[in-house]
Structure formats: C-alpha cells, structure tokens
>>> print(open('input-v8.csv').read())   # CSV, C-alpha atoms and all ligand atoms
chain,number,residue,atom,x,y,z
A,1,MET,CA,-0.8,-18.6,33.7
A,2,SER,CA,-2.9,-20.9,31.5
A,3,LYS,CA,-2.4,-21.0,27.8
A,4,SER,CA,-4.8,-21.4,24.9
A,5,ASN,CA,-4.1,-22.7,21.5
A,6,VAL,CA,-4.4,-20.0,18.9
A,7,SER,CA,-4.3,-20.6,15.2
A,8,MET,CA,-4.3,-18.0,12.4
A,9,LYS,CA,-2.9,-17.3,9.0
A,10,VAL,CA,-0.1,-14.8,8.9
A,11,ASN,CA,0.9,-13.6,5.5
A,12,GLY,CA,-0.7,-16.7,4.0
A,13,LYS,CA,1.0,-19.2,6.2
A,14,ALA,CA,-1.0,-21.2,8.8
A,15,VAL,CA,0.5,-20.8,12.3
A,16,SER,CA,-0.5,-22.3,15.6
A,17,ALA,CA,0.8,-22.0,19.2
A,18,GLU,CA,0.0,-22.2,22.8
A,19,VAL,CA,-0.3,-18.6,24.0
A,20,GLU,CA,-1.1,-17.0,27.3
A,21,SER,CA,-4.3,-15.1,27.1
A,22,ARG,CA,-2.6,-11.8,28.2
A,23,VAL,CA,-0.2,-11.8,25.1
A,24,LEU,CA,-0.9,-9.0,22.7
A,25,LEU,CA,-1.0,-9.8,19.0
A,26,ILE,CA,2.0,-7.5,18.4
A,27,HIS,CA,4.1,-9.5,20.8
A,28,TYR,CA,2.9,-12.8,19.4
A,29,LEU,CA,3.8,-11.7,15.9
A,30,ARG,CA,7.2,-10.3,16.8
A,31,GLU,CA,8.4,-12.6,19.6
A,32,ASN,CA,6.7,-16.0,18.7
A,33,LEU,CA,6.7,-15.7,15.0
A,34,GLY,CA,9.7,-13.4,14.3
A,35,VAL,CA,7.4,-11.2,12.2
A,36,THR,CA,9.1,-7.9,13.2
A,37,GLY,CA,7.8,-5.7,10.4
A,38,PRO,CA,5.0,-4.3,12.7
A,39,HIS,CA,6.7,-2.1,15.2
A,40,ILE,CA,6.0,-1.1,18.7
A,41,GLY,CA,5.8,2.7,19.2
A,42,CYS,CA,3.5,3.3,22.1
A,43,GLU,CA,1.6,0.1,23.1
A,44,THR,CA,-1.4,2.4,23.9
A,45,THR,CA,-3.2,2.5,20.5
A,46,HIS,CA,-1.9,5.9,19.6
A,47,CYS,CA,0.9,5.7,17.0
A,48,GLY,CA,-0.2,3.0,14.5
A,49,ALA,CA,3.4,1.6,14.1
A,50,CYS,CA,2.0,-1.8,15.0
A,51,THR,CA,-0.8,-1.7,12.3
A,52,VAL,CA,-1.7,-5.0,10.6
A,53,ASP,CA,-4.5,-6.0,8.3
A,54,LEU,CA,-6.8,-8.5,10.1
A,55,ASP,CA,-9.6,-10.0,8.1
A,56,GLY,CA,-9.8,-7.0,5.9
A,57,LYS,CA,-9.6,-4.3,8.6
A,58,SER,CA,-6.7,-2.2,9.7
A,59,VAL,CA,-6.0,-3.1,13.3
A,60,LYS,CA,-3.5,-1.8,15.8
A,61,SER,CA,-2.0,-5.1,16.9
A,62,CYS,CA,-1.1,-3.7,20.4
A,63,THR,CA,-4.8,-3.3,21.0
A,64,ILE,CA,-5.9,-6.9,20.7
A,65,PHE,CA,-4.8,-10.1,22.3
A,66,ALA,CA,-3.4,-12.8,20.1
A,67,VAL,CA,-6.2,-15.1,21.2
A,68,GLN,CA,-8.7,-12.7,19.7
A,69,ALA,CA,-7.1,-13.3,16.3
A,70,GLU,CA,-8.1,-17.0,16.5
A,71,GLY,CA,-8.9,-18.1,12.9
A,72,ALA,CA,-8.0,-14.7,11.4
A,73,GLU,CA,-6.1,-13.8,8.3
A,74,VAL,CA,-3.3,-11.4,9.2
A,75,LEU,CA,-1.3,-9.4,6.7
A,76,THR,CA,1.9,-7.5,7.7
A,77,ILE,CA,4.4,-5.7,5.6
A,78,GLU,CA,6.3,-8.9,5.2
A,79,GLY,CA,3.4,-10.3,3.1
A,80,MET,CA,3.0,-7.4,0.7
A,81,ALA,CA,5.8,-8.0,-1.8
A,82,ALA,CA,5.2,-10.7,-4.4
A,83,ALA,CA,6.7,-14.2,-3.9
A,84,ASP,CA,9.5,-13.3,-6.4
A,85,GLY,CA,10.4,-10.3,-4.4
A,86,LYS,CA,8.7,-7.7,-6.6
A,87,LEU,CA,7.7,-4.8,-4.4
A,88,HIS,CA,4.0,-4.1,-3.9
A,89,VAL,CA,2.9,-0.9,-5.7
A,90,LEU,CA,2.7,0.9,-2.3
A,91,GLN,CA,6.2,-0.1,-1.4
A,92,GLU,CA,7.4,1.1,-4.8
A,93,ALA,CA,5.5,4.3,-4.3
A,94,PHE,CA,7.0,5.0,-0.9
A,95,ARG,CA,10.4,4.5,-2.3
A,96,GLU,CA,9.8,6.6,-5.5
A,97,MET,CA,8.1,9.5,-3.6
A,98,HIS,CA,10.4,9.5,-0.6
A,99,GLY,CA,7.5,8.6,1.7
A,100,LEU,CA,9.8,7.7,4.6
A,101,GLN,CA,12.8,8.9,6.5
A,102,CYS,CA,13.7,6.8,9.6
A,103,GLY,CA,11.2,4.1,8.4
A,104,TYR,CA,9.8,3.3,11.9
A,105,CYS,CA,6.2,4.2,11.0
A,106,THR,CA,6.5,2.8,7.4
A,107,PRO,CA,5.4,-0.8,7.8
A,108,GLY,CA,2.2,0.2,9.6
A,109,MET,CA,1.7,3.1,7.3
A,110,ILE,CA,1.9,1.0,4.2
A,111,VAL,CA,-0.3,-1.7,5.5
A,112,ARG,CA,-2.9,1.0,6.5
A,113,ALA,CA,-2.6,2.6,3.1
A,114,HIS,CA,-3.2,-0.8,1.5
A,115,ARG,CA,-6.5,-1.1,3.3
A,116,LEU,CA,-7.4,2.6,2.6
A,117,LEU,CA,-6.9,2.0,-1.2
A,118,GLN,CA,-9.1,-1.2,-0.9
A,119,GLU,CA,-11.8,0.9,0.7
A,120,ASN,CA,-11.4,3.9,-1.5
A,121,PRO,CA,-9.3,3.3,-4.7
A,122,ALA,CA,-9.1,7.0,-5.7
A,123,PRO,CA,-8.9,9.0,-2.5
A,124,THR,CA,-8.5,12.7,-2.4
A,125,ASP,CA,-5.7,14.3,-0.5
A,126,ALA,CA,-8.0,15.0,2.4
A,127,GLU,CA,-9.3,11.5,2.4
A,128,ILE,CA,-5.8,10.1,2.5
A,129,ARG,CA,-4.9,12.4,5.4
A,130,MET,CA,-8.1,11.3,7.3
A,131,GLY,CA,-7.4,7.6,6.3
A,132,ILE,CA,-3.9,7.6,7.8
A,133,SER,CA,-4.8,9.8,10.8
A,134,GLY,CA,-4.3,6.8,13.1
A,135,ASN,CA,-0.7,6.4,12.0
A,136,LEU,CA,1.8,8.9,13.3
A,137,CYS,CA,5.0,9.8,11.6
A,138,ARG,CA,7.6,11.8,13.5
A,139,CYS,CA,9.9,12.5,10.5
A,140,THR,CA,8.2,13.3,7.2
A,141,GLY,CA,5.5,15.9,7.8
A,142,TYR,CA,3.3,13.5,5.9
A,143,GLN,CA,3.5,15.4,2.6
A,144,ASN,CA,5.5,12.7,0.8
A,145,ILE,CA,3.4,9.9,2.4
A,146,VAL,CA,0.3,11.5,0.9
A,147,LYS,CA,2.1,11.7,-2.5
A,148,ALA,CA,3.2,8.1,-2.3
A,149,ILE,CA,-0.4,7.0,-1.7
A,150,GLN,CA,-1.6,9.1,-4.6
A,151,TYR,CA,1.1,7.7,-6.8
A,152,ALA,CA,0.1,4.1,-5.8
A,153,ALA,CA,-3.6,4.9,-6.4
A,154,ALA,CA,-2.8,6.3,-9.9
A,155,LYS,CA,-0.8,3.1,-10.7
A,156,ILE,CA,-3.5,0.8,-9.5
A,157,ASN,CA,-6.1,2.7,-11.5
A,158,GLY,CA,-3.9,2.8,-14.6
A,159,VAL,CA,-3.7,6.5,-14.8
A,160,GLU,CA,-0.7,8.8,-15.0
A,161,TYR,CA,0.4,10.2,-11.7
A,162,LYS,CA,0.4,14.0,-11.7
A,163,GLU,CA,1.8,15.8,-8.7
A,164,ALA,CA,-0.5,18.5,-7.4
A,165,ALA,CA,0.9,22.0,-7.4
A,166,GLU,CA,1.9,23.1,-3.9
B,1,LIG,S1,2.4,0.4,19.2
B,1,LIG,FE1,0.3,0.0,18.7
B,1,LIG,S2,-0.6,2.0,18.3
B,1,LIG,FE2,1.5,2.4,18.9
B,2,LIG,S1,9.6,8.0,8.7
B,2,LIG,FE1,10.3,8.2,10.7
B,2,LIG,S2,8.5,8.0,11.9
B,2,LIG,FE2,7.8,8.1,9.9
>>> encode(input="input-v8.csv", output="structure tokens")
Amino acid sequence: MSKSNVSMKVNGKAVSAEVESRVLLIHYLRENLGVTGPHIGCETTHCGACTVDLDGKSVKSCTIFAVQAEGAEVLTIEGMAAADGKLHVLQEAFREMHGLQCGYCTPGMIVRAHRLLQENPAPTDAEIRMGISGNLCRCTGYQNIVKAIQYAAAKINGVEYKEAAE
C-alpha cells in the first residue's frame, strides 16, 4: 500500500514519518511514536480511551487517520506535566480526589477534562458530566472524576475547593 509523509507536533515535538493512509492516529501514536498514554478500548469511537487534543479540540484518535492530522498539534497525557515533572493540576486533582481506579480511561479522561476546562473554566456538576459523556469509565461511577475536575477548576480559578454535600 502506498505511503504518505505525515508531519505533526506531538506534545510539542515535531515528528514526521511515512505512513500508510489506512493507519489510524491512535496506532500511529502508539506504534510509530511509542506514545502509549492514549489507550485503545473499542476502536469504534465509543469509549474515549484514545482521546487526544488535536488543534484545540478533543478528538478520539481511533476515529481519524494519521494522515488527517497532517500539520496538527497533538497533545496527549504525556505532554501534560511540566518539563520538570510537576504534575498538571488535573493530574494532581485526579490523584487527590481518587478520580481513578484501574486507570485505563484516565489518560483520555484527563485530556478531555483539560479541553473542557479551557472551554468552560467553571463548569457545574451537570456540565462536567455532559462534557465527559464521550469518555466511559468502567470502575469509578464517575463521582470522583467529577470531583477531581471541580477540584482542578477551583485551583485554576484560585478559589478554595469545597466538596458539595451528597
Ligand atoms: S478506542 Fe477510540 S473511542 Fe474507544
Ligand atoms: S478507572 Fe478503570 S475505566 Fe476508569
């Protein structure tokens, strides 16, 4: 099968390769680049485990071909911590608020939450649930994921996090 050259930035680093046009972005990231934070759960656009940020939008990377990301800026969970290793506020929040169990959904969930907070810096509980509705979690029941995103939003906005009464 013929190959095309595809160039993009992944977590700030320019990468370029000859790729068959049938290769999905998730496979390019994981198998060509060794960027294995985005997971494969379904490969049918349902679970969100493969979510990456592509040019400022949350994208399920099993849903597009690598060649469609030509020239794009891609952010994965690997690009969220600071260069000195300091966790991103959302990573800290998921740890503090126990927003994960097995962790399989977590890279996609955090990358999606990052975009959600860019779009809506102070989301309500319902807005968070709607915002992450494309990302499935089989373990947590979502409650602590919602709390983690609220915690991160509070920190970003410089306000004290107050847990809502259940
Ligand atoms: S692996 Fe892409 S949505 Fe499930
Ligand atoms: S923590 Fe296990 S799938 Fe979400």
>>> closest_atom_pairs(input="input-v8.csv", of="chain A", to="ligand LIG 2 (chain B)", cutoff="12 Å", atoms="all atoms listed in the file", output="Markdown table")
| residue | atom | partner | partner_atom | distance |
| --- | --- | --- | --- | --- |
| A:His39 | CA | B:LIG2 | S2 | 10.8 |
| A:Ile40 | CA | B:LIG2 | S2 | 11.6 |
| A:Gly41 | CA | B:LIG2 | S2 | 9.4 |
| A:Cys47 | CA | B:LIG2 | S2 | 9.4 |
| A:Gly48 | CA | B:LIG2 | S2 | 10.4 |
| A:Ala49 | CA | B:LIG2 | S2 | 8.5 |
| A:Phe94 | CA | B:LIG2 | S1 | 10.4 |
| A:Arg95 | CA | B:LIG2 | S1 | 11.6 |
| A:His98 | CA | B:LIG2 | S1 | 9.5 |
| A:Gly99 | CA | B:LIG2 | S1 | 7.3 |
| A:Leu100 | CA | B:LIG2 | S1 | 4.1 |
| A:Gln101 | CA | B:LIG2 | S1 | 4.0 |
| A:Cys102 | CA | B:LIG2 | FE1 | 3.8 |
| A:Gly103 | CA | B:LIG2 | S1 | 4.2 |
| A:Tyr104 | CA | B:LIG2 | S2 | 4.9 |
| A:Cys105 | CA | B:LIG2 | FE2 | 4.4 |
| A:Thr106 | CA | B:LIG2 | FE2 | 6.0 |
| A:Pro107 | CA | B:LIG2 | FE2 | 9.5 |
| A:Gly108 | CA | B:LIG2 | FE2 | 9.7 |
| A:Met109 | CA | B:LIG2 | FE2 | 8.3 |
| A:Ile110 | CA | B:LIG2 | FE2 | 10.8 |
| A:Ile132 | CA | B:LIG2 | FE2 | 11.9 |
| A:Asn135 | CA | B:LIG2 | FE2 | 8.9 |
| A:Leu136 | CA | B:LIG2 | S2 | 6.9 |
| A:Cys137 | CA | B:LIG2 | FE2 | 3.7 |
| A:Arg138 | CA | B:LIG2 | S2 | 4.2 |
| A:Cys139 | CA | B:LIG2 | FE1 | 4.3 |
| A:Thr140 | CA | B:LIG2 | S1 | 5.7 |
| A:Gly141 | CA | B:LIG2 | FE2 | 8.4 |
| A:Tyr142 | CA | B:LIG2 | FE2 | 8.1 |
| A:Gln143 | CA | B:LIG2 | FE2 | 11.2 |
| A:Asn144 | CA | B:LIG2 | S1 | 10.1 |
| A:Ile145 | CA | B:LIG2 | FE2 | 8.9 |
>>> closest_residue(input="input-v8.csv", among="A:Thr45, A:Gln68, A:Gln91, A:Ser58", to="ligand LIG 1 (chain B)", atoms="only C-alpha atoms and all ligand atoms")
A:Thr45
>>> atom_distance(input="input-v8.csv", atom1="atom CA of Leu87 of chain A", atom2="atom FE1 of ligand LIG 1 (chain B)")
24.7 Å
>>> closest_residue(input="input-v8.csv", among="A:Ser2, A:Gly134, A:Asn32, A:Thr76", to="ligand LIG 1 (chain B)", atoms="all atoms listed in the file")
A:Gly134
>>> atom_distance(input="input-v8.csv", atom1="atom CA of Cys62 of chain A", atom2="atom CA of Val10 of chain A")
16.0 Å
>>> atom_distance(input="input-v8.csv", atom1="atom CA of Ala14 of chain A", atom2="atom CA of Ile26 of chain A")
17.0 Å
>>> closest_residue(input="input-v8.csv", among="A:Glu20, A:Glu43, A:Glu127, A:Asp84", to="ligand LIG 1 (chain B)", atoms="all atoms listed in the file")
A:Glu43
>>> residues_around(input="input-v8.csv", residues="segment 157-160 of chain A", least_positions_apart="2", cutoff="12 Å", atoms="all atoms listed in the file", output="CSV table (one decimal) with C-alpha atoms, in the coordinates of the input")
chain,number,residue,atom,x,y,z
A,89,VAL,CA,2.9,-0.9,-5.7
A,117,LEU,CA,-6.9,2.0,-1.2
A,118,GLN,CA,-9.1,-1.2,-0.9
A,120,ASN,CA,-11.4,3.9,-1.5
A,121,PRO,CA,-9.3,3.3,-4.7
A,122,ALA,CA,-9.1,7.0,-5.7
A,123,PRO,CA,-8.9,9.0,-2.5
A,150,GLN,CA,-1.6,9.1,-4.6
A,151,TYR,CA,1.1,7.7,-6.8
A,152,ALA,CA,0.1,4.1,-5.8
A,153,ALA,CA,-3.6,4.9,-6.4
A,154,ALA,CA,-2.8,6.3,-9.9
A,155,LYS,CA,-0.8,3.1,-10.7
A,162,LYS,CA,0.4,14.0,-11.7
A,163,GLU,CA,1.8,15.8,-8.7
>>> residues_around(input="input-v8.csv", residues="Ser61 of chain A", least_positions_apart="2", cutoff="8 Å", atoms="only C-alpha atoms", output="list in words")
Leu24, Leu25, Ile26, Cys50, Thr51, Val52, Val59, Thr63, Ile64 and Phe65 of chain A
>>> closest_residue(input="input-v8.csv", among="A:Ala113, A:Ala93, A:Val67, A:Ala83", to="Ser133 of chain A", atoms="all atoms listed in the file")
A:Ala113
>>> closest_residue(input="input-v8.csv", among="A:Glu73, A:Ala148, A:His88, A:Lys57", to="Arg112 of chain A", atoms="all atoms listed in the file")
A:Lys57
>>> closest_residue(input="input-v8.csv", among="A:Ala72, A:Ala66, A:Leu116, A:Cys42", to="ligand LIG 1 (chain B)", atoms="all atoms listed in the file")
A:Cys42
>>> build_atoms(input="input-v8.csv", residues="segment 46-60 of chain A", atoms="N, CA, C and O atoms", output="PDB file, keeping the file's coordinate frame")
ATOM      1  N   HIS A  46      -2.031   4.554  20.091  1.00  0.00           N
ATOM      2  CA  HIS A  46      -1.900   5.900  19.600  1.00  0.00           C
ATOM      3  C   HIS A  46      -1.160   6.026  18.251  1.00  0.00           C
ATOM      4  O   HIS A  46      -1.534   6.806  17.377  1.00  0.00           O
ATOM      5  N   CYS A  47      -0.073   5.299  18.109  1.00  0.00           N
ATOM      6  CA  CYS A  47       0.900   5.700  17.000  1.00  0.00           C
ATOM      7  C   CYS A  47       0.658   4.934  15.720  1.00  0.00           C
ATOM      8  O   CYS A  47       1.071   5.422  14.672  1.00  0.00           O
ATOM      9  N   GLY A  48       0.083   3.758  15.740  1.00  0.00           N
ATOM     10  CA  GLY A  48      -0.200   3.000  14.500  1.00  0.00           C
ATOM     11  C   GLY A  48       1.039   2.265  13.960  1.00  0.00           C
ATOM     12  O   GLY A  48       0.926   1.603  12.927  1.00  0.00           O
ATOM     13  N   ALA A  49       2.186   2.306  14.643  1.00  0.00           N
ATOM     14  CA  ALA A  49       3.400   1.600  14.100  1.00  0.00           C
ATOM     15  C   ALA A  49       3.138   0.090  14.067  1.00  0.00           C
ATOM     16  O   ALA A  49       3.784  -0.611  13.290  1.00  0.00           O
ATOM     17  N   CYS A  50       2.210  -0.404  14.875  1.00  0.00           N
ATOM     18  CA  CYS A  50       2.000  -1.800  15.000  1.00  0.00           C
ATOM     19  C   CYS A  50       0.818  -2.291  14.035  1.00  0.00           C
ATOM     20  O   CYS A  50       0.374  -3.435  14.140  1.00  0.00           O
ATOM     21  N   THR A  51       0.353  -1.406  13.146  1.00  0.00           N
ATOM     22  CA  THR A  51      -0.800  -1.700  12.300  1.00  0.00           C
ATOM     23  C   THR A  51      -0.624  -2.953  11.461  1.00  0.00           C
ATOM     24  O   THR A  51       0.385  -3.088  10.774  1.00  0.00           O
ATOM     25  N   VAL A  52      -1.615  -3.825  11.506  1.00  0.00           N
ATOM     26  CA  VAL A  52      -1.700  -5.000  10.600  1.00  0.00           C
ATOM     27  C   VAL A  52      -3.059  -4.990   9.968  1.00  0.00           C
ATOM     28  O   VAL A  52      -3.957  -4.277  10.407  1.00  0.00           O
ATOM     29  N   ASP A  53      -3.198  -5.795   8.957  1.00  0.00           N
ATOM     30  CA  ASP A  53      -4.500  -6.000   8.300  1.00  0.00           C
ATOM     31  C   ASP A  53      -5.051  -7.306   8.915  1.00  0.00           C
ATOM     32  O   ASP A  53      -4.368  -8.340   8.849  1.00  0.00           O
ATOM     33  N   LEU A  54      -6.225  -7.265   9.502  1.00  0.00           N
ATOM     34  CA  LEU A  54      -6.800  -8.500  10.100  1.00  0.00           C
ATOM     35  C   LEU A  54      -8.199  -8.671   9.561  1.00  0.00           C
ATOM     36  O   LEU A  54      -9.083  -7.830   9.774  1.00  0.00           O
ATOM     37  N   ASP A  55      -8.330  -9.717   8.777  1.00  0.00           N
ATOM     38  CA  ASP A  55      -9.600 -10.000   8.100  1.00  0.00           C
ATOM     39  C   ASP A  55     -10.180  -8.796   7.407  1.00  0.00           C
ATOM     40  O   ASP A  55     -11.380  -8.481   7.515  1.00  0.00           O
ATOM     41  N   GLY A  56      -9.308  -8.080   6.701  1.00  0.00           N
ATOM     42  CA  GLY A  56      -9.800  -7.000   5.900  1.00  0.00           C
ATOM     43  C   GLY A  56     -10.017  -5.677   6.612  1.00  0.00           C
ATOM     44  O   GLY A  56     -10.670  -4.775   6.084  1.00  0.00           O
ATOM     45  N   LYS A  57      -9.468  -5.574   7.810  1.00  0.00           N
ATOM     46  CA  LYS A  57      -9.600  -4.300   8.600  1.00  0.00           C
ATOM     47  C   LYS A  57      -8.208  -3.924   9.077  1.00  0.00           C
ATOM     48  O   LYS A  57      -7.421  -4.802   9.460  1.00  0.00           O
ATOM     49  N   SER A  58      -7.954  -2.629   9.118  1.00  0.00           N
ATOM     50  CA  SER A  58      -6.700  -2.200   9.700  1.00  0.00           C
ATOM     51  C   SER A  58      -6.891  -2.247  11.254  1.00  0.00           C
ATOM     52  O   SER A  58      -7.847  -1.697  11.797  1.00  0.00           O
ATOM     53  N   VAL A  59      -5.936  -2.908  11.884  1.00  0.00           N
ATOM     54  CA  VAL A  59      -6.000  -3.100  13.300  1.00  0.00           C
ATOM     55  C   VAL A  59      -4.656  -2.780  13.955  1.00  0.00           C
ATOM     56  O   VAL A  59      -3.611  -3.157  13.421  1.00  0.00           O
ATOM     57  N   LYS A  60      -4.700  -2.070  15.062  1.00  0.00           N
ATOM     58  CA  LYS A  60      -3.500  -1.800  15.800  1.00  0.00           C
ATOM     59  C   LYS A  60      -3.217  -3.059  16.670  1.00  0.00           C
ATOM     60  O   LYS A  60      -3.989  -3.342  17.587  1.00  0.00           O
TER      61      LYS A  60
END
